Amino acid sequence: MPELTAYLAPRGFLEELLAEVREVQLVHDHLVVCHGAPQGVVWVDNIWFDARYLPAPSIGKAAAQLKAIQRNWACYPTRWHRRCTLIQEKLPHVSAKPLAFGSEPPSAPLGSWTLTEPDQLLAASRCSSPFQNGRPEFIEDKKTPPNRAYLKLWEVLTRLPDRPGPGDFCLDLGSSPGGWTWVLQSLGARVLSVDKAGLEGGIDRLERVEFREQSAFALIPEEVGPVDWLFCDIACYPRRLLTMIQRWISSGNCRNFVCTIKLQGQVDMIELEAFRSIPGSRVVHLWHNKHELTWIRLDPV
Ligand SMILES: C[S@@+](CC[C@H](N)C(=O)[O-])C[C@H]1O[C@@H](n2cnc3c(N)ncnc32)[C@H](O)[C@@H]1O
């Protein structure tokens, strides 16, 4: 059977995904099914590997086919919503409890399925995200952090194999009002937090936090010294961020990078490629990103 891969575009970013993929077979809502092996795309919440069409002549037979493959399935309903619900109700319950930050994402294989016709399923037992339809939900802290930007950092740190901890020195650039600094401090790291605007909620007075009210672009890597993690969420043009990243990489002073690329209007694919082509790095769209992407480069050792 020829290989099929399906890509679930982030809400509102279907056009961006369609501009990236080749050999599109069908588009249902935000799900794009393509011929061939997985393509390296950025605008995606979940990739369905080796997707297959299966006959679904009845609700019972559809559920039985899925159950015969594995236990856990998430539905992405695009049409025939009622029928999708009835099929999903016949499948074993999959817990969708929000995750406490710091705990591991679900490890049991989670497949995805949809109906492409009333009597035909498209299903993939392996997907890129351990979360239902690529959406990680956390038990939120609605009291301490001054905004919701911390969820972006929680998400990326949950996805990465490594994260800052006690003994690590982090830079948080573009840190106001302080959500990311609060997360990094709470992990036990020492944080140099830099923004032209101040921090809120006393975050600048937390132990291990030093706040500098200045432009982050004026920092000189050699003066700052060795940095374990550089986090950047500065609202700026991607070109400016790229120049700053290149300065830090060539200084050899920083081991790991997590930077938000803020996009304006139509995405400049050439600019995006400049980030993607930095050796050892990748660009992802986080579920909690808005019109932005996240560039990541981790120390290989
Ligand atoms: C999206 S907010 C950052 C939110 C932050 N990560 C948090 O968790 O609270 C973007 C920030 O970039 C800052 N910014 C813009 N230009 C800057 C510059 N040249 N240097 C430092 N910060 C800058 C803005 O002041 C703003 O606070």
# chains A, B, ... in the order shown; residues from 1 in each chain; ligands from 1
>>> residues_near_ligand(ligand="ligand 1", cutoff="10 Å", atoms="only C-alpha atoms and all ligand atoms", output="VMD selection string")
chain A and resid 145 to 153 172 to 183 193 to 200 212 to 219 231 to 237 240 to 241 259 to 260 262
>>> residues_around(residues="A:Pro2", least_positions_apart="6", cutoff="12 Å", atoms="only C-alpha atoms", output="number ranges by chain")
A: 34-37, 50-53
>>> residues_around(residues="A:Ala74", least_positions_apart="3", cutoff="9 Å", atoms="only C-alpha atoms", output="ChimeraX atom specification")
/A:88,94,110-114,131-133
>>> write_last_selection(atoms="N, CA, C and O atoms", output="short mmCIF file (atom, residue, chain, number, x, y, z; two decimals), in the first residue's frame")
data_model
loop_
_atom_site.label_atom_id
_atom_site.label_comp_id
_atom_site.auth_asym_id
_atom_site.auth_seq_id
_atom_site.Cartn_x
_atom_site.Cartn_y
_atom_site.Cartn_z
N GLN A 88 -16.14 6.78 18.73
CA GLN A 88 -15.17 7.02 19.80
C GLN A 88 -15.70 6.48 21.13
O GLN A 88 -14.95 5.96 21.95
N VAL A 94 -9.70 7.20 26.89
CA VAL A 94 -8.33 7.70 26.98
C VAL A 94 -8.35 8.93 27.87
O VAL A 94 -9.05 9.90 27.57
N LEU A 110 -0.56 6.48 21.24
CA LEU A 110 -1.86 7.11 21.00
C LEU A 110 -2.03 7.31 19.50
O LEU A 110 -1.26 8.05 18.88
N GLY A 111 -3.02 6.64 18.93
CA GLY A 111 -3.29 6.79 17.50
C GLY A 111 -4.30 7.90 17.26
O GLY A 111 -4.92 8.42 18.19
N SER A 112 -4.44 8.28 15.99
CA SER A 112 -5.42 9.30 15.60
C SER A 112 -6.27 8.75 14.47
O SER A 112 -5.78 7.99 13.62
N TRP A 113 -7.53 9.15 14.46
CA TRP A 113 -8.39 8.70 13.37
C TRP A 113 -9.43 9.76 13.04
O TRP A 113 -9.69 10.66 13.85
N THR A 114 -9.99 9.63 11.83
CA THR A 114 -11.11 10.48 11.45
C THR A 114 -11.96 9.70 10.43
O THR A 114 -11.56 8.63 9.97
N PHE A 131 0.02 13.80 22.78
CA PHE A 131 -1.22 14.43 23.25
C PHE A 131 -2.32 14.33 22.18
O PHE A 131 -2.02 14.36 20.99
N GLN A 132 -3.57 14.29 22.65
CA GLN A 132 -4.69 14.17 21.72
C GLN A 132 -4.72 15.37 20.80
O GLN A 132 -4.76 16.52 21.24
N ASN A 133 -4.64 15.11 19.51
CA ASN A 133 -4.61 16.14 18.47
C ASN A 133 -3.53 17.19 18.72
O ASN A 133 -3.69 18.36 18.38
#
>>> residues_around(residues="A:Leu99", least_positions_apart="6", cutoff="9 Å", atoms="only C-alpha atoms", output="list in words")
Pro105, Pro106, Pro136, Glu137, Phe138 and Ile139 of chain A
>>> write_last_selection(atoms="C-alpha atoms", output="tab-separated table (two decimals), in the first residue's frame")
chain	number	residue	atom	x	y	z
A	105	PRO	CA	3.84	13.24	28.96
A	106	PRO	CA	1.68	10.12	28.40
A	136	PRO	CA	-0.84	19.57	25.61
A	137	GLU	CA	-2.99	20.83	28.44
A	138	PHE	CA	-1.45	21.76	31.77
A	139	ILE	CA	-2.85	22.30	35.23
>>> select_by_dssp(residues="stretch 130-252 of chain A", states="helix (DSSP H, G or I)", output="ChimeraX atom specification")
/A:132-134,150-159,179-186,203-205,216-218,221-224,238-251
>>> write_last_selection(atoms="C-alpha atoms", output="short mmCIF file (atom, residue, chain, number, x, y, z; two decimals), in the first residue's frame")
data_model
loop_
_atom_site.label_atom_id
_atom_site.label_comp_id
_atom_site.auth_asym_id
_atom_site.auth_seq_id
_atom_site.Cartn_x
_atom_site.Cartn_y
_atom_site.Cartn_z
CA GLN A 132 -4.69 14.17 21.72
CA ASN A 133 -4.61 16.14 18.47
CA GLY A 134 -1.26 17.59 19.50
CA TYR A 150 4.68 30.60 30.90
CA LEU A 151 2.52 27.94 29.18
CA LYS A 152 4.69 28.27 26.05
CA LEU A 153 7.79 27.57 28.10
CA TRP A 154 6.14 24.71 30.01
CA GLU A 155 5.22 23.14 26.67
CA VAL A 156 8.66 23.38 25.13
CA LEU A 157 10.37 22.14 28.30
CA THR A 158 7.96 19.19 28.40
CA ARG A 159 8.95 18.31 24.83
CA GLY A 179 6.40 34.49 33.23
CA TRP A 180 9.46 32.74 31.78
CA THR A 181 11.77 34.06 34.50
CA TRP A 182 9.35 32.66 37.08
CA VAL A 183 9.40 29.22 35.38
CA LEU A 184 13.20 29.12 35.13
CA GLN A 185 13.66 30.28 38.71
CA SER A 186 11.15 27.69 39.91
CA ILE A 203 9.55 38.25 40.25
CA ASP A 204 12.68 40.41 40.08
CA ARG A 205 13.05 39.98 43.86
CA ALA A 216 18.83 42.63 25.31
CA PHE A 217 20.53 43.42 22.01
CA ALA A 218 23.13 45.46 23.88
CA PRO A 221 28.26 37.59 25.19
CA GLU A 222 31.91 37.80 26.23
CA GLU A 223 30.97 40.14 29.09
CA VAL A 224 28.08 37.93 30.28
CA PRO A 238 13.09 37.73 12.99
CA ARG A 239 16.15 39.20 11.22
CA ARG A 240 17.18 40.99 14.42
CA LEU A 241 16.78 37.84 16.47
CA LEU A 242 18.84 35.87 13.95
CA THR A 243 21.72 38.36 14.12
CA MET A 244 21.70 38.16 17.91
CA ILE A 245 21.60 34.35 17.93
CA GLN A 246 24.53 34.23 15.50
CA ARG A 247 26.52 36.51 17.80
CA TRP A 248 25.90 34.18 20.75
CA ILE A 249 26.69 31.05 18.74
CA SER A 250 29.98 32.43 17.44
CA SER A 251 30.97 33.57 20.94
#
>>> atom_distance(atom1="atom CA of A:Met269", atom2="atom CA of A:Gln39")
15.8 Å
>>> select_by_dssp(residues="stretch 16-212 of chain A", states="strand (DSSP E or B)", output="PDB file with N, CA and C atoms, in the first residue's frame")
ATOM      1  N   VAL A  24      -0.313  16.706  -1.954  1.00  0.00           N
ATOM      2  CA  VAL A  24      -1.502  16.683  -1.100  1.00  0.00           C
ATOM      3  C   VAL A  24      -2.570  15.791  -1.735  1.00  0.00           C
ATOM      4  N   GLN A  25      -3.124  14.888  -0.938  1.00  0.00           N
ATOM      5  CA  GLN A  25      -4.193  14.028  -1.450  1.00  0.00           C
ATOM      6  C   GLN A  25      -5.553  14.589  -1.086  1.00  0.00           C
ATOM      7  N   LEU A  26      -5.717  14.991   0.161  1.00  0.00           N
ATOM      8  CA  LEU A  26      -6.977  15.632   0.552  1.00  0.00           C
ATOM      9  C   LEU A  26      -6.786  16.521   1.768  1.00  0.00           C
ATOM     10  N   VAL A  27      -7.703  17.502   1.879  1.00  0.00           N
ATOM     11  CA  VAL A  27      -7.675  18.410   3.025  1.00  0.00           C
ATOM     12  C   VAL A  27      -9.051  18.354   3.664  1.00  0.00           C
ATOM     13  N   HIS A  28      -9.109  17.956   4.935  1.00  0.00           N
ATOM     14  CA  HIS A  28     -10.365  17.953   5.680  1.00  0.00           C
ATOM     15  C   HIS A  28     -10.155  18.834   6.888  1.00  0.00           C
ATOM     16  N   LEU A  31      -6.762  19.031   8.687  1.00  0.00           N
ATOM     17  CA  LEU A  31      -5.979  17.812   8.451  1.00  0.00           C
ATOM     18  C   LEU A  31      -5.615  17.717   6.963  1.00  0.00           C
ATOM     19  N   VAL A  32      -4.314  17.581   6.698  1.00  0.00           N
ATOM     20  CA  VAL A  32      -3.825  17.541   5.317  1.00  0.00           C
ATOM     21  C   VAL A  32      -3.185  16.170   5.101  1.00  0.00           C
ATOM     22  N   VAL A  33      -3.744  15.393   4.176  1.00  0.00           N
ATOM     23  CA  VAL A  33      -3.225  14.053   3.914  1.00  0.00           C
ATOM     24  C   VAL A  33      -2.350  14.122   2.668  1.00  0.00           C
ATOM     25  N   CYS A  34      -1.126  13.617   2.774  1.00  0.00           N
ATOM     26  CA  CYS A  34      -0.181  13.695   1.651  1.00  0.00           C
ATOM     27  C   CYS A  34       0.333  12.307   1.297  1.00  0.00           C
ATOM     28  N   HIS A  35       0.655  12.142   0.032  1.00  0.00           N
ATOM     29  CA  HIS A  35       1.315  10.911  -0.402  1.00  0.00           C
ATOM     30  C   HIS A  35       2.748  10.925   0.097  1.00  0.00           C
ATOM     31  N   ASN A  46       0.448  17.877  14.910  1.00  0.00           N
ATOM     32  CA  ASN A  46       0.559  16.422  15.051  1.00  0.00           C
ATOM     33  C   ASN A  46       0.746  15.808  13.673  1.00  0.00           C
ATOM     34  N   ILE A  47       1.646  14.846  13.583  1.00  0.00           N
ATOM     35  CA  ILE A  47       1.851  14.142  12.311  1.00  0.00           C
ATOM     36  C   ILE A  47       1.350  12.708  12.472  1.00  0.00           C
ATOM     37  N   TRP A  48       0.527  12.279  11.553  1.00  0.00           N
ATOM     38  CA  TRP A  48       0.011  10.902  11.574  1.00  0.00           C
ATOM     39  C   TRP A  48       0.902  10.089  10.630  1.00  0.00           C
ATOM     40  N   PHE A  49       1.714   9.197  11.187  1.00  0.00           N
ATOM     41  CA  PHE A  49       2.626   8.408  10.370  1.00  0.00           C
ATOM     42  C   PHE A  49       1.882   7.211   9.788  1.00  0.00           C
ATOM     43  N   ARG A  52      -3.687   5.017   7.237  1.00  0.00           N
ATOM     44  CA  ARG A  52      -4.327   4.008   6.373  1.00  0.00           C
ATOM     45  C   ARG A  52      -5.839   4.199   6.314  1.00  0.00           C
ATOM     46  N   TYR A  53      -6.401   3.956   5.141  1.00  0.00           N
ATOM     47  CA  TYR A  53      -7.861   3.946   5.011  1.00  0.00           C
ATOM     48  C   TYR A  53      -8.372   2.567   5.401  1.00  0.00           C
ATOM     49  N   LEU A  54      -9.472   2.564   6.154  1.00  0.00           N
ATOM     50  CA  LEU A  54     -10.080   1.292   6.572  1.00  0.00           C
ATOM     51  C   LEU A  54     -11.581   1.384   6.328  1.00  0.00           C
ATOM     52  N   PRO A  55     -12.191   0.304   5.908  1.00  0.00           N
ATOM     53  CA  PRO A  55     -13.641   0.345   5.720  1.00  0.00           C
ATOM     54  C   PRO A  55     -14.346   0.474   7.074  1.00  0.00           C
ATOM     55  N   TRP A  73      -6.933   5.686  21.174  1.00  0.00           N
ATOM     56  CA  TRP A  73      -7.194   6.445  19.941  1.00  0.00           C
ATOM     57  C   TRP A  73      -7.784   7.805  20.279  1.00  0.00           C
ATOM     58  N   ALA A  74      -7.364   8.800  19.501  1.00  0.00           N
ATOM     59  CA  ALA A  74      -7.976  10.135  19.595  1.00  0.00           C
ATOM     60  C   ALA A  74      -8.647  10.426  18.265  1.00  0.00           C
ATOM     61  N   CYS A  75      -9.838  10.974  18.340  1.00  0.00           N
ATOM     62  CA  CYS A  75     -10.552  11.291  17.104  1.00  0.00           C
ATOM     63  C   CYS A  75     -10.305  12.755  16.727  1.00  0.00           C
ATOM     64  N   LEU A  99      -1.895  17.951  32.423  1.00  0.00           N
ATOM     65  CA  LEU A  99      -0.619  17.485  32.946  1.00  0.00           C
ATOM     66  C   LEU A  99      -0.088  18.467  33.994  1.00  0.00           C
ATOM     67  N   GLY A 111      -3.022   6.638  18.934  1.00  0.00           N
ATOM     68  CA  GLY A 111      -3.292   6.790  17.505  1.00  0.00           C
ATOM     69  C   GLY A 111      -4.301   7.903  17.262  1.00  0.00           C
ATOM     70  N   SER A 112      -4.438   8.280  15.989  1.00  0.00           N
ATOM     71  CA  SER A 112      -5.425   9.296  15.601  1.00  0.00           C
ATOM     72  C   SER A 112      -6.265   8.747  14.466  1.00  0.00           C
ATOM     73  N   TRP A 113      -7.527   9.146  14.464  1.00  0.00           N
ATOM     74  CA  TRP A 113      -8.388   8.698  13.370  1.00  0.00           C
ATOM     75  C   TRP A 113      -9.426   9.760  13.044  1.00  0.00           C
ATOM     76  N   THR A 114      -9.994   9.626  11.834  1.00  0.00           N
ATOM     77  CA  THR A 114     -11.106  10.480  11.445  1.00  0.00           C
ATOM     78  C   THR A 114     -11.956   9.701  10.432  1.00  0.00           C
ATOM     79  N   LEU A 115     -13.108  10.237  10.116  1.00  0.00           N
ATOM     80  CA  LEU A 115     -13.910   9.655   9.027  1.00  0.00           C
ATOM     81  C   LEU A 115     -13.678  10.513   7.786  1.00  0.00           C
ATOM     82  N   THR A 116     -13.249   9.905   6.701  1.00  0.00           N
ATOM     83  CA  THR A 116     -13.097  10.660   5.447  1.00  0.00           C
ATOM     84  C   THR A 116     -14.328  10.492   4.564  1.00  0.00           C
ATOM     85  N   GLU A 117     -15.104   9.449   4.846  1.00  0.00           N
ATOM     86  CA  GLU A 117     -16.425   9.201   4.250  1.00  0.00           C
ATOM     87  C   GLU A 117     -17.250   8.630   5.396  1.00  0.00           C
ATOM     88  N   GLN A 120     -15.857   5.261   5.812  1.00  0.00           N
ATOM     89  CA  GLN A 120     -14.413   5.037   5.635  1.00  0.00           C
ATOM     90  C   GLN A 120     -13.612   5.815   6.684  1.00  0.00           C
ATOM     91  N   LEU A 121     -12.720   5.076   7.366  1.00  0.00           N
ATOM     92  CA  LEU A 121     -11.839   5.696   8.365  1.00  0.00           C
ATOM     93  C   LEU A 121     -10.492   6.015   7.743  1.00  0.00           C
ATOM     94  N   LEU A 122      -9.848   7.044   8.263  1.00  0.00           N
ATOM     95  CA  LEU A 122      -8.411   7.217   8.043  1.00  0.00           C
ATOM     96  C   LEU A 122      -7.799   7.123   9.438  1.00  0.00           C
ATOM     97  N   ALA A 123      -6.845   6.225   9.615  1.00  0.00           N
ATOM     98  CA  ALA A 123      -6.298   5.997  10.957  1.00  0.00           C
ATOM     99  C   ALA A 123      -4.786   5.836  10.904  1.00  0.00           C
ATOM    100  N   ALA A 124      -4.140   6.315  11.963  1.00  0.00           N
ATOM    101  CA  ALA A 124      -2.688   6.134  12.098  1.00  0.00           C
ATOM    102  C   ALA A 124      -2.413   5.728  13.535  1.00  0.00           C
ATOM    103  N   ARG A 126       0.555   5.495  14.897  1.00  0.00           N
ATOM    104  CA  ARG A 126       1.706   6.240  15.429  1.00  0.00           C
ATOM    105  C   ARG A 126       1.592   7.699  15.049  1.00  0.00           C
ATOM    106  N   CYS A 127       1.774   8.577  16.025  1.00  0.00           N
ATOM    107  CA  CYS A 127       1.701  10.015  15.762  1.00  0.00           C
ATOM    108  C   CYS A 127       2.891  10.706  16.419  1.00  0.00           C
ATOM    109  N   PHE A 138      -2.114  21.788  30.469  1.00  0.00           N
ATOM    110  CA  PHE A 138      -1.453  21.759  31.772  1.00  0.00           C
ATOM    111  C   PHE A 138      -2.426  22.184  32.864  1.00  0.00           C
ATOM    112  N   PHE A 169      22.881  28.361  34.631  1.00  0.00           N
ATOM    113  CA  PHE A 169      22.726  29.814  34.498  1.00  0.00           C
ATOM    114  C   PHE A 169      21.931  30.077  33.208  1.00  0.00           C
ATOM    115  N   CYS A 170      20.794  30.769  33.352  1.00  0.00           N
ATOM    116  CA  CYS A 170      19.909  31.037  32.208  1.00  0.00           C
ATOM    117  C   CYS A 170      19.838  32.528  31.930  1.00  0.00           C
ATOM    118  N   LEU A 171      19.791  32.842  30.653  1.00  0.00           N
ATOM    119  CA  LEU A 171      19.435  34.206  30.246  1.00  0.00           C
ATOM    120  C   LEU A 171      17.980  34.169  29.816  1.00  0.00           C
ATOM    121  N   ASP A 172      17.205  35.140  30.269  1.00  0.00           N
ATOM    122  CA  ASP A 172      15.824  35.265  29.786  1.00  0.00           C
ATOM    123  C   ASP A 172      15.718  36.644  29.152  1.00  0.00           C
ATOM    124  N   LEU A 173      15.716  36.675  27.824  1.00  0.00           N
ATOM    125  CA  LEU A 173      15.752  37.954  27.104  1.00  0.00           C
ATOM    126  C   LEU A 173      14.343  38.306  26.622  1.00  0.00           C
ATOM    127  N   ARG A 190      19.656  29.761  38.054  1.00  0.00           N
ATOM    128  CA  ARG A 190      19.961  31.178  38.275  1.00  0.00           C
ATOM    129  C   ARG A 190      19.587  31.900  36.982  1.00  0.00           C
ATOM    130  N   VAL A 191      18.918  33.059  37.101  1.00  0.00           N
ATOM    131  CA  VAL A 191      18.377  33.704  35.899  1.00  0.00           C
ATOM    132  C   VAL A 191      18.832  35.152  35.802  1.00  0.00           C
ATOM    133  N   LEU A 192      19.419  35.503  34.649  1.00  0.00           N
ATOM    134  CA  LEU A 192      19.631  36.917  34.321  1.00  0.00           C
ATOM    135  C   LEU A 192      18.501  37.294  33.374  1.00  0.00           C
ATOM    136  N   SER A 193      17.618  38.140  33.868  1.00  0.00           N
ATOM    137  CA  SER A 193      16.360  38.457  33.172  1.00  0.00           C
ATOM    138  C   SER A 193      16.491  39.874  32.606  1.00  0.00           C
ATOM    139  N   VAL A 194      16.279  40.028  31.300  1.00  0.00           N
ATOM    140  CA  VAL A 194      16.573  41.313  30.657  1.00  0.00           C
ATOM    141  C   VAL A 194      15.388  41.782  29.821  1.00  0.00           C
ATOM    142  N   ASP A 195      14.958  43.007  30.080  1.00  0.00           N
ATOM    143  CA  ASP A 195      13.880  43.593  29.270  1.00  0.00           C
ATOM    144  C   ASP A 195      13.941  45.107  29.415  1.00  0.00           C
ATOM    145  N   VAL A 209      17.368  35.465  40.945  1.00  0.00           N
ATOM    146  CA  VAL A 209      16.979  36.269  39.778  1.00  0.00           C
ATOM    147  C   VAL A 209      17.695  37.612  39.841  1.00  0.00           C
ATOM    148  N   GLU A 210      18.384  37.959  38.736  1.00  0.00           N
ATOM    149  CA  GLU A 210      18.919  39.324  38.585  1.00  0.00           C
ATOM    150  C   GLU A 210      18.203  39.936  37.391  1.00  0.00           C
ATOM    151  N   PHE A 211      17.606  41.116  37.603  1.00  0.00           N
ATOM    152  CA  PHE A 211      16.889  41.758  36.495  1.00  0.00           C
ATOM    153  C   PHE A 211      17.663  42.977  36.018  1.00  0.00           C
ATOM    154  N   ARG A 212      17.818  43.090  34.678  1.00  0.00           N
ATOM    155  CA  ARG A 212      18.434  44.299  34.108  1.00  0.00           C
ATOM    156  C   ARG A 212      17.441  44.953  33.165  1.00  0.00           C
TER     157      ARG A 212
END
>>> atom_distance(atom1="atom CA of A:Val227", atom2="atom CA of A:Arg255")
6.6 Å
>>> closest_residue(among="A:Ile296, A:Ile87, A:Val283, A:Ala19", to="A:Asn256", atoms="only C-alpha atoms")
A:Ile296
>>> closest_residue(among="A:Phe101, A:Trp229, A:Trp295, A:Trp287", to="A:Asp45", atoms="only C-alpha atoms")
A:Trp287
>>> residues_around(residues="A:Ala9", least_positions_apart="4", cutoff="7 Å", atoms="only C-alpha atoms", output="PyMOL selection string")
chain A and resi 13-14+17+30-31+43-45
>>> write_last_selection(atoms="N, CA and C atoms", output="CSV table (one decimal), in the first residue's frame")
chain,number,residue,atom,x,y,z
A,13,PHE,N,-3.6,28.1,10.9
A,13,PHE,CA,-2.3,28.1,10.1
A,13,PHE,C,-2.4,27.0,9.1
A,14,LEU,N,-3.6,26.8,8.5
A,14,LEU,CA,-3.7,25.8,7.4
A,14,LEU,C,-2.9,26.3,6.2
A,17,LEU,N,0.7,25.6,6.5
A,17,LEU,CA,1.1,24.2,6.3
A,17,LEU,C,1.0,23.8,4.8
A,30,HIS,N,-8.5,21.0,9.3
A,30,HIS,CA,-7.1,21.4,9.4
A,30,HIS,C,-6.2,20.1,9.1
A,31,LEU,N,-6.8,19.0,8.7
A,31,LEU,CA,-6.0,17.8,8.5
A,31,LEU,C,-5.6,17.7,7.0
A,43,TRP,N,4.8,23.9,10.4
A,43,TRP,CA,3.4,24.3,10.8
A,43,TRP,C,2.6,23.1,11.1
A,44,VAL,N,2.8,22.4,12.1
A,44,VAL,CA,2.1,21.2,12.4
A,44,VAL,C,1.9,20.9,13.9
A,45,ASP,N,0.8,20.5,14.3
A,45,ASP,CA,0.6,20.1,15.7
A,45,ASP,C,0.8,18.7,15.9
>>> atom_distance(atom1="atom CA of A:Gln70", atom2="atom CA of A:Cys84")
17.7 Å
>>> decode(residues="stretch 212-274 of chain A", atoms="C-alpha atoms", output="JSON list (two decimals), in the first residue's frame")
[["chain", "number", "residue", "atom", "x", "y", "z"],
["A", 212, "ARG", "CA", 18.43, 44.30, 34.11],
["A", 213, "GLU", "CA", 16.20, 46.95, 32.61],
["A", 214, "GLN", "CA", 17.87, 47.44, 29.24],
["A", 215, "SER", "CA", 17.83, 46.28, 25.62],
["A", 216, "ALA", "CA", 18.83, 42.63, 25.31],
["A", 217, "PHE", "CA", 20.53, 43.42, 22.01],
["A", 218, "ALA", "CA", 23.13, 45.46, 23.88],
["A", 219, "LEU", "CA", 24.36, 42.44, 25.87],
["A", 220, "ILE", "CA", 27.87, 41.37, 24.91],
["A", 221, "PRO", "CA", 28.26, 37.59, 25.19],
["A", 222, "GLU", "CA", 31.91, 37.80, 26.23],
["A", 223, "GLU", "CA", 30.97, 40.14, 29.09],
["A", 224, "VAL", "CA", 28.08, 37.93, 30.28],
["A", 225, "GLY", "CA", 30.31, 34.84, 30.33],
["A", 226, "PRO", "CA", 29.29, 31.17, 30.01],
["A", 227, "VAL", "CA", 25.53, 30.60, 29.77],
["A", 228, "ASP", "CA", 23.82, 27.20, 29.99],
["A", 229, "TRP", "CA", 20.52, 28.26, 28.44],
["A", 230, "LEU", "CA", 19.53, 31.32, 26.44],
["A", 231, "PHE", "CA", 15.77, 31.88, 26.35],
["A", 232, "CYS", "CA", 14.43, 34.69, 24.21],
["A", 233, "ASP", "CA", 10.85, 35.87, 23.77],
["A", 234, "ILE", "CA", 11.66, 39.40, 22.55],
["A", 235, "ALA", "CA", 9.02, 41.06, 20.39],
["A", 236, "CYS", "CA", 11.25, 41.90, 17.41],
["A", 237, "TYR", "CA", 11.77, 41.25, 13.70],
["A", 238, "PRO", "CA", 13.09, 37.73, 12.99],
["A", 239, "ARG", "CA", 16.15, 39.20, 11.22],
["A", 240, "ARG", "CA", 17.18, 40.99, 14.42],
["A", 241, "LEU", "CA", 16.78, 37.84, 16.47],
["A", 242, "LEU", "CA", 18.84, 35.87, 13.95],
["A", 243, "THR", "CA", 21.72, 38.36, 14.12],
["A", 244, "MET", "CA", 21.70, 38.16, 17.91],
["A", 245, "ILE", "CA", 21.60, 34.35, 17.93],
["A", 246, "GLN", "CA", 24.53, 34.23, 15.50],
["A", 247, "ARG", "CA", 26.52, 36.51, 17.80],
["A", 248, "TRP", "CA", 25.90, 34.18, 20.75],
["A", 249, "ILE", "CA", 26.69, 31.05, 18.74],
["A", 250, "SER", "CA", 29.98, 32.43, 17.44],
["A", 251, "SER", "CA", 30.97, 33.57, 20.94],
["A", 252, "GLY", "CA", 30.85, 29.88, 21.97],
["A", 253, "ASN", "CA", 29.47, 31.10, 25.30],
["A", 254, "CYS", "CA", 26.04, 29.44, 25.25],
["A", 255, "ARG", "CA", 25.11, 25.75, 25.26],
["A", 256, "ASN", "CA", 21.35, 25.68, 24.67],
["A", 257, "PHE", "CA", 18.90, 28.02, 22.98],
["A", 258, "VAL", "CA", 15.10, 28.34, 23.00],
["A", 259, "CYS", "CA", 13.91, 31.42, 21.11],
["A", 260, "THR", "CA", 10.52, 32.58, 19.92],
["A", 261, "ILE", "CA", 10.46, 33.82, 16.32],
["A", 262, "LYS", "CA", 7.73, 36.45, 16.15],
["A", 263, "LEU", "CA", 6.20, 36.58, 12.69],
["A", 264, "GLN", "CA", 4.61, 39.56, 11.03],
["A", 265, "GLY", "CA", 1.91, 39.08, 8.40],
["A", 266, "GLN", "CA", 2.90, 36.61, 5.71],
["A", 267, "VAL", "CA", 5.70, 34.24, 6.70],
["A", 268, "ASP", "CA", 8.99, 34.90, 4.94],
["A", 269, "MET", "CA", 10.11, 31.37, 4.02],
["A", 270, "ILE", "CA", 13.66, 32.52, 3.21],
["A", 271, "GLU", "CA", 14.00, 34.04, 6.66],
["A", 272, "LEU", "CA", 12.58, 30.88, 8.23],
["A", 273, "GLU", "CA", 15.08, 28.79, 6.30],
["A", 274, "ALA", "CA", 17.90, 30.89, 7.76]]
